[in-house]
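Chemist: Here you go, one structure.
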Amino acid sequence: MFVGELSLNDIVQKVEELPALPNITHKVLKLTSDPKTTIPELSEVITKDQVLTAKVLRMANSAYYGYARRIYSINEAVVILGFGTIRSLVLAASVYNVMDKEFQGYFLPKGDLWKHSMSTALTARSLARRTGYELPDQAFIAGLLHDIGKTVLNTYMTSAFLSVINKVNEEKIPFMEAERQILGFDHAVVGARVAEKWNLPEILVEAIAKHHSPREAINNPKLTSIVHVADAASMSMGIGLGGDGLLYPFDGFATDRLNLTENMIEETIAEIADSLMDAETLLEN
Ligand SMILES: [Fe+2]
Ligand SMILES: [Fe+2]
């Protein structure tokens with residue numbers, strides 16, 4: 001009953017309604033990608049926002065980043081963690097409010113999309129390091145945002161709930177395939193539009209668009225493969241399984257592309273599981 005009811009225009013409209021990234025986030029993204037930016041310049045911009053400052057320091061001091069001594073100021077955080085990590089922490093702090101909700105249409109209780117996104121981000125970062133991908137912080141961001149399209153499509157999925165489930169059960173097709181057939185769009189395509197709206201680089205847009213089909217990535221199949229494996233690893237840990245976990249089709253292209261052995265994936269999962277509890281509660285008030 002939903003086929004054809006949703007047009008691309010409806011979706012574009014929905015994406016437009018999505019809260020823009022805060023100005024300060026755009027500023028940080030810009031500054032951290034400019035090699036001429038100085039440490040005091042970047043610190044000054046972040047410190048102006050007390051809430052953001054507190055969140056960044058909390059993450060910087062979390063078990064995942066695990067530095068031997070406490071980081072007390074943004075200036076120290078920038079020096080110790082570097083521009084790339086600061087960039088991903090600021091982005092995580094900025095999307096937390098958008099993601100930490102209930103997404104009924106995807107069977108995700110409150111908090112589950114955030115946990116799933118954070119665990120995918122952390123896993124992607126670790127996989128990037130293990131496989132020699134030069135920009136682990138970029139992998140973190142791609143993992144963090146891969147399912148952002150769900151925040152836009154949730155309303156439609158909530159009304160299509162029964163049709164989607166019936167389709168999955170009767171036709172034994174993956175959840176995303178049912179989503180696409182019933183809505184005409186899937187959360188990967190819509191997520192890519194969100195990333196475009198936020199002016200994120202093209203390779204991040206692609207990694208989000210193709211996170212369920214890494215073999216279709218043209219610009220950066222390696223990054224897209226990292227996100228695909230990280231997503232599947234998060235699912236296997238049972239984190240934020242939701243509807244997307246139903247008949248999740250894993251694409252072996254990704255593990256081949258990354259030369260990943262099962263052992264390496266298991267090691268990564270073990271490493272992440274340890275720090276995850278901490279990551280889950282990181283930004284709660
Ligand atoms: Fe997904
Ligand atoms: Fe996912």
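The way I read the labels, and the way they are meant: chains A, B, ... in the order of the structure tokens, residue 1 as the first residue of every chain, and ligand 1 as the first ligand shown, with later ones counted on from there.
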Which residues are near segment 191-205 of chain A? Cut-off 12 Å, only C-alpha atoms, ignore same chain within fewer than 5 positions. Put them as a count of residues only.

Modeler: 56

Chemist: Per residue of segment 149-175 of chain A within 12 Å of segment 245-264 of chain A, note the shortest atom pair and the distance in Å to one decimal, counting only C-alpha atoms, and order the rows by chain and increasing residue number, as a tab-separated table.

Modeler:
residue	atom	partner	partner_atom	distance
A:Val164	CA	A:Leu246	CA	11.0
A:Ile165	CA	A:Leu246	CA	9.4
A:Lys167	CA	A:Leu246	CA	11.5
A:Val168	CA	A:Leu246	CA	7.9
A:Asn169	CA	A:Leu246	CA	9.4
A:Glu171	CA	A:Leu247	CA	11.2
A:Lys172	CA	A:Leu247	CA	7.7
A:Ile173	CA	A:Leu247	CA	7.0
A:Pro174	CA	A:Leu247	CA	4.8
A:Phe175	CA	A:Leu246	CA	5.6

Chemist: Those same residues, written as a short mmCIF file (atom, residue, chain, number, x, y, z; two decimals), in the first residue's frame with C-alpha atoms?

Modeler:
data_model
loop_
_atom_site.label_atom_id
_atom_site.label_comp_id
_atom_site.auth_asym_id
_atom_site.auth_seq_id
_atom_site.Cartn_x
_atom_site.Cartn_y
_atom_site.Cartn_z
CA VAL A 164 7.86 -4.85 5.69
CA ILE A 165 7.86 -7.68 8.21
CA LYS A 167 7.58 -9.27 3.08
CA VAL A 168 10.74 -10.34 4.89
CA ASN A 169 9.04 -13.40 6.33
CA GLU A 171 9.69 -13.77 0.58
CA LYS A 172 12.79 -14.44 2.70
CA ILE A 173 14.44 -11.28 1.45
CA PRO A 174 16.77 -9.04 3.48
CA PHE A 175 15.17 -6.26 5.51
#

Chemist: Run DSSP on the backbone and give me the residues of segment 38-219 of chain A it puts in helix (DSSP H, G or I), as a count of residues only.

Modeler: 132

Chemist: Select, from A:Lys55, A:Arg180, A:Arg125, A:Arg87, the residue with the minimum atom-to-atom distance to Val229 of chain A, counting only C-alpha atoms.

Modeler: A:Arg125

Chemist: Quick one, how far is atom CA of His212 of chain A from atom CA of Met59 of chain A?

Modeler: 28.5 Å

Chemist: Let me make sure I understand: among A:Ala232, A:Ile74, A:Ile269, A:Leu113, which one has the smallest atom-to-atom distance to Lys101 of chain A if we use only C-alpha atoms?

Modeler: A:Leu113

Chemist: So which one's closest to Ala209 of chain A, A:Ser225, A:His187, A:Arg129, A:Pro35? Using only C-alpha atoms, please.

Modeler: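 Among the listed residues, A:His187 lies closest to Ala209 of chain A.
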
Chemist: Do you know which residues are within 8 Å of ligand 2 using only C-alpha atoms and all ligand atoms? Can you write them as a PyMOL selection string?

Modeler: chain A and resi 116-117+120+146-147+231-232+234-235+240-241+244

Chemist: Could you write out that same residue set with N, CA and C atoms as a JSON list (two decimals), in the first residue's frame?

Modeler:
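Saved file out33.json follows:
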[["chain", "number", "residue", "atom", "x", "y", "z"],
["A", 116, "HIS", "N", 24.56, 1.24, 18.31],
["A", 116, "HIS", "CA", 24.96, 0.54, 17.09],
["A", 116, "HIS", "C", 25.92, 1.41, 16.26],
["A", 117, "SER", "N", 25.62, 2.70, 16.18],
["A", 117, "SER", "CA", 26.45, 3.61, 15.38],
["A", 117, "SER", "C", 27.82, 3.76, 16.02],
["A", 120, "THR", "N", 29.81, 0.55, 15.62],
["A", 120, "THR", "CA", 30.27, 0.43, 14.24],
["A", 120, "THR", "C", 31.44, 1.39, 13.99],
["A", 146, "HIS", "N", 26.76, 5.67, 9.19],
["A", 146, "HIS", "CA", 26.28, 4.79, 8.12],
["A", 146, "HIS", "C", 24.76, 4.60, 8.10],
["A", 147, "ASP", "N", 24.13, 4.59, 9.28],
["A", 147, "ASP", "CA", 22.68, 4.36, 9.32],
["A", 147, "ASP", "C", 21.88, 5.65, 9.56],
["A", 231, "ASP", "N", 29.81, -2.90, 10.42],
["A", 231, "ASP", "CA", 28.37, -2.99, 10.63],
["A", 231, "ASP", "C", 27.99, -4.43, 10.98],
["A", 232, "ALA", "N", 28.50, -5.37, 10.16],
["A", 232, "ALA", "CA", 28.19, -6.79, 10.40],
["A", 232, "ALA", "C", 28.74, -7.24, 11.75],
["A", 234, "SER", "N", 29.16, -5.37, 14.43],
["A", 234, "SER", "CA", 28.27, -4.81, 15.44],
["A", 234, "SER", "C", 27.02, -5.66, 15.58],
["A", 235, "MET", "N", 26.50, -6.08, 14.44],
["A", 235, "MET", "CA", 25.30, -6.93, 14.45],
["A", 235, "MET", "C", 25.62, -8.24, 15.16],
["A", 240, "GLY", "N", 22.22, -3.09, 18.61],
["A", 240, "GLY", "CA", 21.34, -2.33, 17.73],
["A", 240, "GLY", "C", 20.94, -3.15, 16.53],
["A", 241, "LEU", "N", 20.62, -4.39, 16.78],
["A", 241, "LEU", "CA", 20.26, -5.31, 15.72],
["A", 241, "LEU", "C", 19.09, -4.77, 14.89],
["A", 244, "ASP", "N", 17.31, -4.14, 10.53],
["A", 244, "ASP", "CA", 18.42, -4.29, 9.59],
["A", 244, "ASP", "C", 19.13, -5.63, 9.78]]

Chemist: Here is a test: counting only C-alpha atoms and all ligand atoms, which residue of A:Ala233, A:Val51, A:His228, A:Phe103 is nearest to ligand 1?

Modeler: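 For ligand 1, the nearest of the candidates is A:His228.
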
Chemist: Could you list, as a PyMOL selection string, every residue within 12 Å of Thr32 of chain A, counting only C-alpha atoms and ignoring same-chain residues fewer than 3 positions away?

Modeler: chain A and resi 25-29+35-39+41-43+45-46+78+82-91+137

Chemist: Could you save those same residues with C-alpha atoms as a PDB file, in the first residue's frame?

Modeler:
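The resulting out_19.pdb:
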ATOM      1  CA  THR A  25      30.554  21.619  14.009  1.00  0.00           C
ATOM      2  CA  HIS A  26      30.880  23.017  10.502  1.00  0.00           C
ATOM      3  CA  LYS A  27      33.598  25.333  11.750  1.00  0.00           C
ATOM      4  CA  VAL A  28      35.491  22.453  13.360  1.00  0.00           C
ATOM      5  CA  LEU A  29      35.157  20.305  10.215  1.00  0.00           C
ATOM      6  CA  PRO A  35      46.604  22.303   7.291  1.00  0.00           C
ATOM      7  CA  LYS A  36      47.182  25.980   8.078  1.00  0.00           C
ATOM      8  CA  THR A  37      44.982  25.870  11.186  1.00  0.00           C
ATOM      9  CA  THR A  38      46.906  26.234  14.436  1.00  0.00           C
ATOM     10  CA  ILE A  39      46.210  24.358  17.668  1.00  0.00           C
ATOM     11  CA  GLU A  41      42.808  28.475  16.770  1.00  0.00           C
ATOM     12  CA  LEU A  42      41.000  25.147  16.884  1.00  0.00           C
ATOM     13  CA  SER A  43      40.932  25.019  20.687  1.00  0.00           C
ATOM     14  CA  VAL A  45      36.520  27.613  18.658  1.00  0.00           C
ATOM     15  CA  ILE A  46      35.660  24.459  20.628  1.00  0.00           C
ATOM     16  CA  VAL A  78      44.021  18.673  20.485  1.00  0.00           C
ATOM     17  CA  GLY A  82      45.371  15.295  16.937  1.00  0.00           C
ATOM     18  CA  PHE A  83      43.052  17.080  14.499  1.00  0.00           C
ATOM     19  CA  GLY A  84      41.535  13.916  13.000  1.00  0.00           C
ATOM     20  CA  THR A  85      40.376  12.493  16.322  1.00  0.00           C
ATOM     21  CA  ILE A  86      39.064  15.838  17.554  1.00  0.00           C
ATOM     22  CA  ARG A  87      37.094  16.090  14.349  1.00  0.00           C
ATOM     23  CA  SER A  88      35.436  12.701  14.900  1.00  0.00           C
ATOM     24  CA  LEU A  89      34.718  13.406  18.569  1.00  0.00           C
ATOM     25  CA  VAL A  90      33.059  16.733  17.754  1.00  0.00           C
ATOM     26  CA  LEU A  91      30.949  15.083  15.070  1.00  0.00           C
ATOM     27  CA  ASP A 137      39.322   8.770  11.981  1.00  0.00           C
TER      28      ASP A 137
END

Chemist: Point out the residue among A:Gly243, A:Ser213, A:Glu170, A:Asn61 with the least atom-to-atom distance to Val189 of chain A, counting only C-alpha atoms.

Modeler: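 Closest to Val189 of chain A of all the choices is A:Ser213.
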
Chemist: Within 12 Å of Gln50 of chain A, counting only C-alpha atoms, which residues qualify if same-chain residues fewer than 6 places away don't, as JSON, numbers by chain?

Modeler: {"A": [24, 43, 44, 56, 57, 73, 74]}

Chemist: Using the selection just defined, write its residues with C-alpha atoms as a PDB file, in the first residue's frame.

Modeler:
ATOM      1  CA  ILE A  24      30.367  25.151  15.469  1.00  0.00           C
ATOM      2  CA  SER A  43      40.932  25.019  20.687  1.00  0.00           C
ATOM      3  CA  GLU A  44      39.463  28.496  20.885  1.00  0.00           C
ATOM      4  CA  VAL A  56      34.731  16.088  23.935  1.00  0.00           C
ATOM      5  CA  LEU A  57      36.705  15.863  27.178  1.00  0.00           C
ATOM      6  CA  SER A  73      41.661  20.889  28.578  1.00  0.00           C
ATOM      7  CA  ILE A  74      40.667  21.081  24.939  1.00  0.00           C
TER       8      ILE A  74
END

Chemist: Considering only C-alpha atoms and all ligand atoms, state which residue in the set A:Glu267, A:Gly132, A:Thr123, A:Glu177 is at the smallest distance from ligand 1.

Modeler: A:Glu177

Chemist: Quick check, in Å to one decimal: how far apart do atom CA of Gly105 of chain A and atom CA of Phe161 of chain A lie?

Modeler: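 That distance, rounded to one decimal, is 5.9 Å.
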